file coords.pdb (PDB, C-alpha atoms, pLDDT in the B column)
ATOM      1  CA  MET G 151       0.000   0.000   0.000  1.00 57.00           C
ATOM      2  CA  LEU G 152       1.505   3.281  -1.166  1.00 79.00           C
ATOM      3  CA  ASP G 153      -0.300   6.592  -0.862  1.00 91.00           C
ATOM      4  CA  ILE G 154       1.495   9.752  -1.953  1.00 95.00           C
ATOM      5  CA  GLN G 155       0.214  13.079  -0.671  1.00 96.00           C
ATOM      6  CA  ARG G 156       1.473  15.868  -2.915  1.00 97.00           C
ATOM      7  CA  TYR G 157       2.173  19.319  -1.502  1.00 97.00           C
ATOM      8  CA  ASP G 158      -0.081  20.970  -4.093  1.00 96.00           C
ATOM      9  CA  ALA G 159      -3.030  18.825  -2.909  1.00 96.00           C
ATOM     10  CA  LEU G 160      -2.741  19.716   0.795  1.00 97.00           C
ATOM     11  CA  GLY G 161      -5.407  21.754   2.539  1.00 97.00           C
ATOM     12  CA  THR G 162      -4.470  25.416   2.889  1.00 97.00           C
ATOM     13  CA  MET G 163      -5.081  28.562   4.916  1.00 96.00           C
ATOM     14  CA  ASN G 164      -3.601  31.818   3.700  1.00 96.00           C
ATOM     15  CA  ILE G 165      -4.394  34.910   5.755  1.00 96.00           C
ATOM     16  CA  ASP G 166      -2.416  38.062   6.405  1.00 95.00           C
ATOM     17  CA  TRP G 167      -0.088  36.487   8.997  1.00 97.00           C
ATOM     18  CA  LEU G 168      -0.332  32.723   8.364  1.00 98.00           C
ATOM     19  CA  ASN G 169       0.365  30.590   5.293  1.00 98.00           C
ATOM     20  CA  ALA G 170      -0.475  27.013   6.321  1.00 98.00           C
ATOM     21  CA  HIS G 171      -0.616  23.673   4.505  1.00 98.00           C
ATOM     22  CA  TYR G 172      -2.545  20.837   6.170  1.00 98.00           C
ATOM     23  CA  HIS G 173      -1.828  17.142   5.580  1.00 98.00           C
ATOM     24  CA  PHE G 174      -5.061  16.186   7.344  1.00 98.00           C
ATOM     25  CA  SER G 175      -8.413  17.831   8.067  1.00 98.00           C
ATOM     26  CA  PHE G 176      -7.875  20.910  10.214  1.00 97.00           C
ATOM     27  CA  ALA G 177      -9.563  24.270  10.813  1.00 94.00           C
ATOM     28  CA  ASN G 178     -11.368  25.335   7.608  1.00 92.00           C
ATOM     29  CA  TYR G 179     -10.057  22.320   5.654  1.00 96.00           C
ATOM     30  CA  HIS G 180     -12.232  19.220   5.982  1.00 96.00           C
ATOM     31  CA  ASN G 181     -11.678  16.057   3.972  1.00 95.00           C
ATOM     32  CA  PRO G 182     -13.444  12.988   5.414  1.00 94.00           C
ATOM     33  CA  GLU G 183     -10.885  10.771   3.655  1.00 92.00           C
ATOM     34  CA  ARG G 184      -8.005  12.521   5.429  1.00 95.00           C
ATOM     35  CA  MET G 185      -8.761  12.550   9.140  1.00 95.00           C
ATOM     36  CA  GLY G 186      -5.317  11.292  10.134  1.00 96.00           C
ATOM     37  CA  PHE G 187      -3.122   8.232   9.687  1.00 95.00           C
ATOM     38  CA  GLY G 188      -3.121   5.790  12.568  1.00 94.00           C
ATOM     39  CA  PRO G 189      -2.633   7.925  15.714  1.00 96.00           C
ATOM     40  CA  LEU G 190      -1.071  10.731  13.624  1.00 97.00           C
ATOM     41  CA  ARG G 191      -3.797  13.383  13.556  1.00 98.00           C
ATOM     42  CA  VAL G 192      -2.129  16.603  12.340  1.00 98.00           C
ATOM     43  CA  ILE G 193       0.846  17.773  10.316  1.00 98.00           C
ATOM     44  CA  ASN G 194       0.590  21.497   9.663  1.00 98.00           C
ATOM     45  CA  ASP G 195       3.320  23.190   7.632  1.00 98.00           C
ATOM     46  CA  ASP G 196       3.103  26.778   8.923  1.00 98.00           C
ATOM     47  CA  LEU G 197       4.749  30.007   7.811  1.00 98.00           C
ATOM     48  CA  ILE G 198       4.091  32.681  10.467  1.00 98.00           C
ATOM     49  CA  ALA G 199       4.716  36.335   9.688  1.00 98.00           C
ATOM     50  CA  ALA G 200       6.912  38.517  11.892  1.00 98.00           C
ATOM     51  CA  HIS G 201       5.302  39.796  15.108  1.00 98.00           C
ATOM     52  CA  ASN G 202       2.297  37.478  14.780  1.00 98.00           C
ATOM     53  CA  GLY G 203       1.216  34.053  15.912  1.00 97.00           C
ATOM     54  CA  PHE G 204      -1.261  31.946  17.824  1.00 97.00           C
ATOM     55  CA  GLY G 205      -2.611  33.530  21.019  1.00 97.00           C
ATOM     56  CA  MET G 206      -3.371  31.576  24.165  1.00 97.00           C
ATOM     57  CA  HIS G 207      -5.602  28.579  23.391  1.00 97.00           C
ATOM     58  CA  PRO G 208      -6.386  25.198  25.033  1.00 97.00           C
ATOM     59  CA  HIS G 209      -5.499  21.569  24.267  1.00 98.00           C
ATOM     60  CA  ASP G 210      -6.078  18.281  26.048  1.00 98.00           C
ATOM     61  CA  ASN G 211      -5.265  14.615  25.498  1.00 98.00           C
ATOM     62  CA  MET G 212      -2.903  15.202  22.582  1.00 98.00           C
ATOM     63  CA  GLU G 213       0.861  14.848  22.068  1.00 98.00           C
ATOM     64  CA  ILE G 214       1.842  18.093  20.324  1.00 98.00           C
ATOM     65  CA  LEU G 215       5.231  18.368  18.617  1.00 98.00           C
ATOM     66  CA  THR G 216       6.699  21.527  17.137  1.00 98.00           C
ATOM     67  CA  CYS G 217       9.666  21.360  14.748  1.00 97.00           C
ATOM     68  CA  VAL G 218      11.104  24.775  13.868  1.00 97.00           C
ATOM     69  CA  LEU G 219      12.790  24.875  10.456  1.00 96.00           C
ATOM     70  CA  ASP G 220      13.568  28.591  10.174  1.00 97.00           C
ATOM     71  CA  GLY G 221      13.407  31.421  12.699  1.00 98.00           C
ATOM     72  CA  THR G 222      12.402  31.338  16.363  1.00 98.00           C
ATOM     73  CA  ILE G 223       8.955  30.870  17.927  1.00 98.00           C
ATOM     74  CA  SER G 224       8.214  32.035  21.477  1.00 98.00           C
ATOM     75  CA  HIS G 225       6.127  29.683  23.634  1.00 98.00           C
ATOM     76  CA  ARG G 226       4.199  30.358  26.851  1.00 98.00           C
ATOM     77  CA  ASP G 227       1.911  27.912  28.625  1.00 97.00           C
ATOM     78  CA  SER G 228      -0.220  27.437  31.709  1.00 98.00           C
ATOM     79  CA  MET G 229       2.415  25.090  33.193  1.00 97.00           C
ATOM     80  CA  GLY G 230       4.650  28.135  33.666  1.00 97.00           C
ATOM     81  CA  ASN G 231       6.988  27.521  30.723  1.00 97.00           C
ATOM     82  CA  GLU G 232       8.309  30.480  28.746  1.00 97.00           C
ATOM     83  CA  ARG G 233      10.647  29.203  26.055  1.00 97.00           C
ATOM     84  CA  HIS G 234      12.078  30.054  22.643  1.00 98.00           C
ATOM     85  CA  ILE G 235      12.254  27.279  20.029  1.00 98.00           C
ATOM     86  CA  SER G 236      14.701  27.983  17.204  1.00 97.00           C
ATOM     87  CA  ALA G 237      15.618  26.247  13.970  1.00 96.00           C
ATOM     88  CA  GLY G 238      17.054  22.815  14.719  1.00 94.00           C
ATOM     89  CA  GLU G 239      15.018  22.466  17.919  1.00 97.00           C
ATOM     90  CA  TRP G 240      11.957  20.380  18.791  1.00 98.00           C
ATOM     91  CA  GLN G 241       9.304  20.849  21.426  1.00 98.00           C
ATOM     92  CA  LEU G 242       6.905  18.224  22.805  1.00 98.00           C
ATOM     93  CA  MET G 243       3.930  19.325  24.848  1.00 98.00           C
ATOM     94  CA  SER G 244       1.894  16.444  26.272  1.00 98.00           C
ATOM     95  CA  ALA G 245      -1.429  18.166  26.886  1.00 98.00           C
ATOM     96  CA  GLY G 246      -2.950  15.450  29.096  1.00 98.00           C
ATOM     97  CA  THR G 247      -5.711  16.766  31.360  1.00 98.00           C
ATOM     98  CA  GLY G 248      -5.442  20.182  29.747  1.00 98.00           C
ATOM     99  CA  VAL G 249      -3.045  23.023  29.046  1.00 98.00           C
ATOM    100  CA  GLN G 250      -3.189  26.438  27.441  1.00 98.00           C
ATOM    101  CA  HIS G 251      -0.353  27.866  25.365  1.00 98.00           C
ATOM    102  CA  SER G 252       0.598  30.541  22.861  1.00 98.00           C
ATOM    103  CA  GLU G 253       3.095  30.531  19.980  1.00 98.00           C
ATOM    104  CA  ILE G 254       4.236  33.965  18.835  1.00 98.00           C
ATOM    105  CA  ASN G 255       6.847  35.032  16.310  1.00 98.00           C
ATOM    106  CA  ASN G 256       8.445  37.980  18.075  1.00 98.00           C
ATOM    107  CA  GLY G 257      11.178  38.273  15.450  1.00 97.00           C
ATOM    108  CA  ASP G 258      11.516  40.393  12.334  1.00 98.00           C
ATOM    109  CA  VAL G 259      11.502  37.479   9.863  1.00 97.00           C
ATOM    110  CA  PRO G 260       8.923  34.722   9.186  1.00 98.00           C
ATOM    111  CA  VAL G 261       9.019  31.479  11.168  1.00 98.00           C
ATOM    112  CA  HIS G 262       8.694  28.217   9.260  1.00 98.00           C
ATOM    113  CA  MET G 263       7.659  25.288  11.440  1.00 98.00           C
ATOM    114  CA  LEU G 264       5.813  21.992  11.493  1.00 98.00           C
ATOM    115  CA  GLN G 265       3.091  21.376  14.056  1.00 98.00           C
ATOM    116  CA  ILE G 266       2.355  17.696  14.665  1.00 98.00           C
ATOM    117  CA  TRP G 267      -0.388  16.128  16.765  1.00 98.00           C
ATOM    118  CA  ILE G 268      -0.445  12.480  17.827  1.00 98.00           C
ATOM    119  CA  HIS G 269      -3.265  10.835  19.766  1.00 98.00           C
ATOM    120  CA  PRO G 270      -1.929   9.449  23.096  1.00 97.00           C
ATOM    121  CA  ASN G 271      -2.585   5.931  24.348  1.00 95.00           C
ATOM    122  CA  GLN G 272      -2.978   7.264  27.906  1.00 96.00           C
ATOM    123  CA  ARG G 273      -5.753   9.755  28.597  1.00 96.00           C
ATOM    124  CA  ASN G 274      -5.993  12.422  31.291  1.00 98.00           C
ATOM    125  CA  ALA G 275      -2.357  12.184  32.383  1.00 98.00           C
ATOM    126  CA  ALA G 276      -0.570  15.162  33.915  1.00 98.00           C
ATOM    127  CA  PRO G 277       0.606  17.699  31.301  1.00 98.00           C
ATOM    128  CA  LYS G 278       4.347  17.905  30.668  1.00 97.00           C
ATOM    129  CA  TYR G 279       6.819  19.865  28.559  1.00 98.00           C
ATOM    130  CA  GLN G 280       9.995  18.742  26.781  1.00 98.00           C
ATOM    131  CA  GLN G 281      12.419  20.519  24.432  1.00 98.00           C
ATOM    132  CA  ILE G 282      15.559  19.340  22.639  1.00 97.00           C
ATOM    133  CA  GLN G 283      18.013  20.390  19.979  1.00 95.00           C
ATOM    134  CA  CYS G 284      18.554  17.870  17.196  1.00 93.00           C
ATOM    135  CA  ASP G 285      19.744  19.041  13.806  1.00 87.00           C
ATOM    136  CA  PRO G 286      20.195  15.934  11.594  1.00 88.00           C
ATOM    137  CA  ARG G 287      22.524  17.897   9.322  1.00 85.00           C
ATOM    138  CA  GLU G 288      25.176  17.539  12.029  1.00 89.00           C
ATOM    139  CA  GLN G 289      25.048  13.718  11.759  1.00 94.00           C
ATOM    140  CA  PRO G 290      23.743  12.913   8.268  1.00 97.00           C
ATOM    141  CA  ASN G 291      22.667   9.586   6.746  1.00 98.00           C
ATOM    142  CA  GLN G 292      21.219   8.087   9.918  1.00 97.00           C
ATOM    143  CA  TRP G 293      17.935   8.108  11.778  1.00 96.00           C
ATOM    144  CA  HIS G 294      17.575  10.216  14.921  1.00 96.00           C
ATOM    145  CA  VAL G 295      14.753   9.139  17.236  1.00 96.00           C
ATOM    146  CA  ILE G 296      13.195  12.457  18.188  1.00 97.00           C
ATOM    147  CA  ALA G 297      10.249  11.100  20.186  1.00 97.00           C
ATOM    148  CA  GLY G 298       9.099   7.652  21.206  1.00 96.00           C
ATOM    149  CA  PRO G 299       7.934   5.488  24.100  1.00 95.00           C
ATOM    150  CA  ASN G 300      11.361   4.018  24.913  1.00 91.00           C
ATOM    151  CA  ALA G 301      14.547   5.264  26.538  1.00 87.00           C
ATOM    152  CA  ASP G 302      16.456   5.650  23.236  1.00 87.00           C
ATOM    153  CA  ALA G 303      14.160   8.509  22.197  1.00 94.00           C
ATOM    154  CA  LEU G 304      15.268  12.069  22.920  1.00 96.00           C
ATOM    155  CA  MET G 305      11.739  12.904  24.124  1.00 98.00           C
ATOM    156  CA  HIS G 306       9.132  10.603  25.656  1.00 97.00           C
ATOM    157  CA  ILE G 307       5.763  10.359  23.942  1.00 97.00           C
ATOM    158  CA  ARG G 308       2.601   8.755  25.320  1.00 97.00           C
ATOM    159  CA  GLN G 309       2.009   6.463  22.350  1.00 96.00           C
ATOM    160  CA  GLN G 310       3.597   3.368  20.829  1.00 94.00           C
ATOM    161  CA  ALA G 311       4.911   5.507  17.998  1.00 95.00           C
ATOM    162  CA  GLU G 312       8.284   6.909  17.025  1.00 95.00           C
ATOM    163  CA  VAL G 313       9.136  10.156  15.288  1.00 97.00           C
ATOM    164  CA  LYS G 314      12.492  10.019  13.517  1.00 96.00           C
ATOM    165  CA  SER G 315      14.411  12.548  11.446  1.00 97.00           C
ATOM    166  CA  ALA G 316      17.309  12.285   9.014  1.00 97.00           C
ATOM    167  CA  LEU G 317      19.345  14.286   6.545  1.00 97.00           C
ATOM    168  CA  LEU G 318      20.299  12.139   3.569  1.00 98.00           C
ATOM    169  CA  GLU G 319      23.095  13.317   1.356  1.00 98.00           C
ATOM    170  CA  LYS G 320      22.656  12.832  -2.382  1.00 98.00           C
ATOM    171  CA  ALA G 321      22.750   9.144  -3.441  1.00 98.00           C
ATOM    172  CA  GLN G 322      22.693   7.924   0.178  1.00 98.00           C
ATOM    173  CA  ALA G 323      19.963   5.531   1.310  1.00 98.00           C
ATOM    174  CA  LEU G 324      18.209   4.460   4.506  1.00 97.00           C
ATOM    175  CA  ASP G 325      15.834   1.632   5.381  1.00 95.00           C
ATOM    176  CA  VAL G 326      12.317   2.276   6.646  1.00 93.00           C
ATOM    177  CA  ILE G 327      11.318  -0.937   8.414  1.00 87.00           C
ATOM    178  CA  ALA G 328       7.621  -1.239   9.223  1.00 72.00           C
ATOM    179  CA  ALA G 329       7.912  -3.858  11.997  1.00 67.00           C
ATOM    180  CA  GLN G 330       4.157  -4.580  11.772  1.00 63.00           C
ATOM    181  CA  ARG G 331       3.416  -0.881  11.876  1.00 84.00           C
ATOM    182  CA  ILE G 332       2.457   1.757   9.347  1.00 92.00           C
ATOM    183  CA  ASN G 333       4.722   4.496   8.062  1.00 95.00           C
ATOM    184  CA  TYR G 334       4.169   8.130   7.112  1.00 96.00           C
ATOM    185  CA  LEU G 335       7.212   9.821   5.607  1.00 97.00           C
ATOM    186  CA  HIS G 336       7.283  13.611   5.127  1.00 98.00           C
ATOM    187  CA  VAL G 337       9.952  15.285   2.989  1.00 98.00           C
ATOM    188  CA  ILE G 338      10.994  18.646   4.434  1.00 97.00           C
ATOM    189  CA  SER G 339      13.492  19.509   1.707  1.00 97.00           C
ATOM    190  CA  GLY G 340      15.106  17.929  -1.332  1.00 98.00           C
ATOM    191  CA  ALA G 341      13.769  14.818  -3.038  1.00 98.00           C
ATOM    192  CA  ILE G 342      13.836  11.080  -2.368  1.00 98.00           C
ATOM    193  CA  GLN G 343      12.922   7.927  -4.244  1.00 97.00           C
ATOM    194  CA  VAL G 344      10.726   5.229  -2.661  1.00 95.00           C
ATOM    195  CA  ALA G 345      10.387   2.185  -4.936  1.00 89.00           C
ATOM    196  CA  GLU G 346       9.587   3.752  -8.338  1.00 91.00           C
ATOM    197  CA  HIS G 347       8.131   6.931  -6.810  1.00 94.00           C
ATOM    198  CA  THR G 348       9.781  10.346  -6.516  1.00 97.00           C
ATOM    199  CA  VAL G 349       8.732  12.243  -3.391  1.00 97.00           C
ATOM    200  CA  ASN G 350       9.590  15.945  -3.384  1.00 98.00           C
ATOM    201  CA  ALA G 351       9.851  18.671  -0.735  1.00 97.00           C
ATOM    202  CA  GLY G 352       6.479  19.157   0.957  1.00 97.00           C
ATOM    203  CA  ASP G 353       5.185  15.762  -0.198  1.00 98.00           C
ATOM    204  CA  ALA G 354       4.512  12.747   2.017  1.00 98.00           C
ATOM    205  CA  ILE G 355       4.188   9.040   1.372  1.00 96.00           C
ATOM    206  CA  ALA G 356       2.303   6.493   3.491  1.00 94.00           C
ATOM    207  CA  PHE G 357       2.913   2.758   3.365  1.00 91.00           C
ATOM    208  CA  ALA G 358       2.533  -0.367   5.471  1.00 88.00           C
ATOM    209  CA  GLU G 359       5.434  -2.422   4.170  1.00 84.00           C
ATOM    210  CA  SER G 360       9.119  -1.780   4.717  1.00 89.00           C
ATOM    211  CA  ALA G 361      10.962   0.274   2.114  1.00 92.00           C
ATOM    212  CA  ARG G 362      14.314   1.749   1.228  1.00 96.00           C
ATOM    213  CA  ILE G 363      14.583   5.464   0.525  1.00 97.00           C
ATOM    214  CA  GLU G 364      17.314   7.036  -1.588  1.00 98.00           C
ATOM    215  CA  ALA G 365      18.146  10.729  -1.780  1.00 98.00           C
ATOM    216  CA  LEU G 366      17.972  12.100  -5.320  1.00 98.00           C
ATOM    217  CA  GLU G 367      19.533  15.262  -3.870  1.00 98.00           C
ATOM    218  CA  ASP G 368      20.330  16.303  -0.314  1.00 98.00           C
ATOM    219  CA  ALA G 369      17.041  15.719   1.512  1.00 98.00           C
ATOM    220  CA  GLN G 370      15.691  16.144   5.044  1.00 97.00           C
ATOM    221  CA  VAL G 371      12.857  13.803   6.050  1.00 98.00           C
ATOM    222  CA  ILE G 372      10.676  12.938   9.036  1.00 98.00           C
ATOM    223  CA  TRP G 373       9.508   9.345   9.502  1.00 97.00           C
ATOM    224  CA  PHE G 374       6.467   8.546  11.631  1.00 96.00           C
ATOM    225  CA  ASP G 375       6.599   4.877  12.677  1.00 95.00           C
ATOM    226  CA  LEU G 376       3.035   4.258  13.839  1.00 95.00           C
ATOM    227  CA  PRO G 377       0.778   1.540  15.206  1.00 92.00           C
ATOM    228  CA  GLU G 378      -2.456   0.825  13.405  1.00 85.00           C
ATOM    229  CA  MET G 379      -5.475   2.230  15.210  1.00 74.00           C
ATOM    230  CA  LYS G 380      -8.146  -0.295  16.151  1.00 62.00           C
ATOM    231  CA  ASN G 381     -11.790   0.660  15.859  1.00 48.00           C
TER     232      ASN G 381
END
call {"tool": "encode", "arguments": {"input": "coords.pdb", "output": "structure tokens"}}
result
Amino acid sequence: MLDIQRYDALGTMNIDWLNAHYHFSFANYHNPERMGFGPLRVINDDLIAAHNGFGMHPHDNMEILTCVLDGTISHRDSMGNERHISAGEWQLMSAGTGVQHSEINNGDVPVHMLQIWIHPNQRNAAPKYQQIQCDPREQPNQWHVIAGPNADALMHIRQQAEVKSALLEKAQALDVIAAQRINYLHVISGAIQVAEHTVNAGDAIAFAESARIEALEDAQVIWFDLPEMKN
């Protein structure tokens, strides 16, 4: 099973301060055939204008990851955290019983970031905050486990899922091993080949079987290694 989601087919929101592309139904974009993939509920590719952002708003029972690609976003939350997340850094906010937060671009240049939501397998737990720096360009051609349920992950997530990132140099390859799970692979930059398919920057590919990916040019990717959701 291969399903390629092209960047040009993503849901969009383009207002004066936000240019967003939605992999799955979100806000004004609703597609009943794209309500998530396994426990992966949201991938929003956001470009936030200078001196703008998301004011204080609530979340609960969701694992919320932020990956900043360019610029710096300022975060405040009801747990008392006031942090800055810059390019090359990741944030994980486990909303649990409930938390409020804001994300504001206080800088003079746009912020480019990914916002990712994953359904937890534990409801109504205490909220928690984690933040790391992990730029895969510093150690290319290998997977970095950004978030997962086990000790080898840089951040702990309340789900039997792993979020991994890699920078592949041109002509280098990596294995994506399903291990009885499902895979969603998002290309941040560059281009890769999966089987006979070319997957470009902004695209994503979903598949259940294992695969080998090869970089057609230098490419940064995020791999979501996910359990299947049972009805």
call {"tool": "atom_distance", "arguments": {"input": "coords.pdb", "atom1": "CA of Tyr157 (chain G)", "atom2": "CA of Tyr172 (chain G)"}}
result
9.1 Å
call {"tool": "atom_distance", "arguments": {"input": "coords.pdb", "atom1": "CA of Asp375 (chain G)", "atom2": "CA of Asp285 (chain G)"}}
result
19.4 Å
call {"tool": "residues_around", "arguments": {"input": "coords.pdb", "residues": "Glu312 (chain G)", "least_positions_apart": "6", "cutoff": "6 Å", "atoms": "all atoms listed in the file", "output": "MDAnalysis selection string"}}
result
chainID G and resid 297:298 374:375
call {"tool": "write_last_selection", "arguments": {"input": "coords.pdb", "atoms": "C-alpha atoms", "output": "PDB file, in the coordinates of the input"}}
result
ATOM      1  CA  ALA G 297      10.249  11.100  20.186  1.00 97.00           C
ATOM      2  CA  GLY G 298       9.099   7.652  21.206  1.00 96.00           C
ATOM      3  CA  PHE G 374       6.467   8.546  11.631  1.00 96.00           C
ATOM      4  CA  ASP G 375       6.599   4.877  12.677  1.00 95.00           C
TER       5      ASP G 375
END
call {"tool": "atom_distance", "arguments": {"input": "coords.pdb", "atom1": "CA of Glu183 (chain G)", "atom2": "CA of Ser360 (chain G)"}}
result
23.6 Å
call {"tool": "residues_around", "arguments": {"input": "coords.pdb", "residues": "His225 (chain G)", "least_positions_apart": "2", "cutoff": "7 Å", "atoms": "all atoms listed in the file", "output": "ChimeraX atom specification"}}
result
/G:223,227,232-234,251-254
call {"tool": "resolve_selection", "arguments": {"input": "coords.pdb", "expression": "the PyMOL selection byres ((chain G and resi 339-349) around 7)", "output": "list in words"}}
result
Val337, Ile338, Asn350, Ala351, Asp353, Ala354, Ala361, Arg362, Ile363, Glu364, Ala365, Leu366, Glu367, Asp368, Ala369 and Gln370 of chain G
call {"tool": "residues_around", "arguments": {"input": "coords.pdb", "residues": "Thr216 (chain G)", "least_positions_apart": "4", "cutoff": "6 Å", "atoms": "all atoms listed in the file", "output": "JSON, numbers by chain"}}
result
{"G": [240, 241, 264, 265]}
call {"tool": "closest_residue", "arguments": {"input": "coords.pdb", "among": "G:Arg156, G:Asp195, G:Leu190, G:Asn211", "to": "Leu168 (chain G)", "atoms": "all atoms listed in the file"}}
result
G:Asp195
call {"tool": "resolve_selection", "arguments": {"input": "coords.pdb", "expression": "the PyMOL selection byres ((chain G and resi 292) around 8)", "output": "PDB file with C-alpha atoms, keeping the file's coordinate frame"}}
result
ATOM      1  CA  GLN G 289      25.048  13.718  11.759  1.00 94.00           C
ATOM      2  CA  PRO G 290      23.743  12.913   8.268  1.00 97.00           C
ATOM      3  CA  ASN G 291      22.667   9.586   6.746  1.00 98.00           C
ATOM      4  CA  TRP G 293      17.935   8.108  11.778  1.00 96.00           C
ATOM      5  CA  HIS G 294      17.575  10.216  14.921  1.00 96.00           C
ATOM      6  CA  ALA G 316      17.309  12.285   9.014  1.00 97.00           C
ATOM      7  CA  LEU G 317      19.345  14.286   6.545  1.00 97.00           C
ATOM      8  CA  LEU G 318      20.299  12.139   3.569  1.00 98.00           C
ATOM      9  CA  LEU G 324      18.209   4.460   4.506  1.00 97.00           C
TER      10      LEU G 324
END
call {"tool": "residues_near_point", "arguments": {"input": "coords.pdb", "point": "(-4.6, -0.6, 12.9)", "cutoff": "12 Å", "atoms": "only C-alpha atoms", "output": "PyMOL selection string"}}
result
chain G and resi 187-190+330-333+358+376-381
call {"tool": "resolve_selection", "arguments": {"input": "coords.pdb", "expression": "the PyMOL selection byres ((chain G and resi 192-194) around 10)", "output": "PyMOL selection string"}}
result
chain G and resi 160-162+170-176+184-187+189-191+195-197+214-216+263-269+336
call {"tool": "residues_near_point", "arguments": {"input": "coords.pdb", "point": "(2.7, 18.1, 22.7)", "cutoff": "6 Å", "atoms": "all atoms listed in the file", "output": "PDB file with C-alpha atoms, in the frame of the given file"}}
result
ATOM      1  CA  GLU G 213       0.861  14.848  22.068  1.00 98.00           C
ATOM      2  CA  ILE G 214       1.842  18.093  20.324  1.00 98.00           C
ATOM      3  CA  LEU G 215       5.231  18.368  18.617  1.00 98.00           C
ATOM      4  CA  LEU G 242       6.905  18.224  22.805  1.00 98.00           C
ATOM      5  CA  MET G 243       3.930  19.325  24.848  1.00 98.00           C
ATOM      6  CA  SER G 244       1.894  16.444  26.272  1.00 98.00           C
ATOM      7  CA  ALA G 245      -1.429  18.166  26.886  1.00 98.00           C
TER       8      ALA G 245
END
call {"tool": "build_atoms", "arguments": {"input": "coords.pdb", "residues": "region 295-300 of chain G", "atoms": "all heavy atoms", "output": "mmCIF file, keeping the file's coordinate frame"}}
result
data_model
loop_
_atom_site.group_PDB
_atom_site.id
_atom_site.type_symbol
_atom_site.label_atom_id
_atom_site.label_comp_id
_atom_site.auth_asym_id
_atom_site.auth_seq_id
_atom_site.Cartn_x
_atom_site.Cartn_y
_atom_site.Cartn_z
ATOM 1 N N VAL G 295 16.060 9.371 16.623
ATOM 2 C CA VAL G 295 14.753 9.139 17.236
ATOM 3 C C VAL G 295 14.401 10.362 18.079
ATOM 4 O O VAL G 295 14.873 10.527 19.206
ATOM 5 C CB VAL G 295 14.742 7.853 18.081
ATOM 6 C CG1 VAL G 295 13.327 7.596 18.615
ATOM 7 C CG2 VAL G 295 15.218 6.660 17.259
ATOM 8 N N ILE G 296 13.564 11.212 17.524
ATOM 9 C CA ILE G 296 13.195 12.457 18.188
ATOM 10 C C ILE G 296 12.272 12.187 19.370
ATOM 11 O O ILE G 296 12.471 12.700 20.477
ATOM 12 C CB ILE G 296 12.517 13.409 17.190
ATOM 13 C CG1 ILE G 296 13.451 13.707 16.000
ATOM 14 C CG2 ILE G 296 12.062 14.692 17.880
ATOM 15 C CD1 ILE G 296 14.718 14.404 16.369
ATOM 16 N N ALA G 297 11.234 11.389 19.136
ATOM 17 C CA ALA G 297 10.249 11.100 20.186
ATOM 18 C C ALA G 297 9.791 9.661 20.056
ATOM 19 O O ALA G 297 9.660 9.127 18.950
ATOM 20 C CB ALA G 297 9.047 12.045 20.076
ATOM 21 N N GLY G 298 9.557 9.029 21.200
ATOM 22 C CA GLY G 298 9.099 7.652 21.206
ATOM 23 C C GLY G 298 8.785 7.208 22.620
ATOM 24 O O GLY G 298 8.999 7.945 23.590
ATOM 25 N N PRO G 299 8.307 5.972 22.779
ATOM 26 C CA PRO G 299 7.934 5.488 24.100
ATOM 27 C C PRO G 299 9.094 4.915 24.902
ATOM 28 O O PRO G 299 8.942 4.664 26.100
ATOM 29 C CB PRO G 299 6.910 4.402 23.782
ATOM 30 C CG PRO G 299 7.364 3.858 22.451
ATOM 31 C CD PRO G 299 7.931 5.028 21.705
ATOM 32 N N ASN G 300 10.252 4.720 24.272
ATOM 33 C CA ASN G 300 11.361 4.018 24.913
ATOM 34 C C ASN G 300 12.505 4.961 25.268
ATOM 35 O O ASN G 300 12.540 6.125 24.857
ATOM 36 C CB ASN G 300 11.864 2.902 23.996
ATOM 37 C CG ASN G 300 10.765 1.899 23.670
ATOM 38 O OD1 ASN G 300 9.986 1.521 24.541
ATOM 39 N ND2 ASN G 300 10.692 1.491 22.402
#
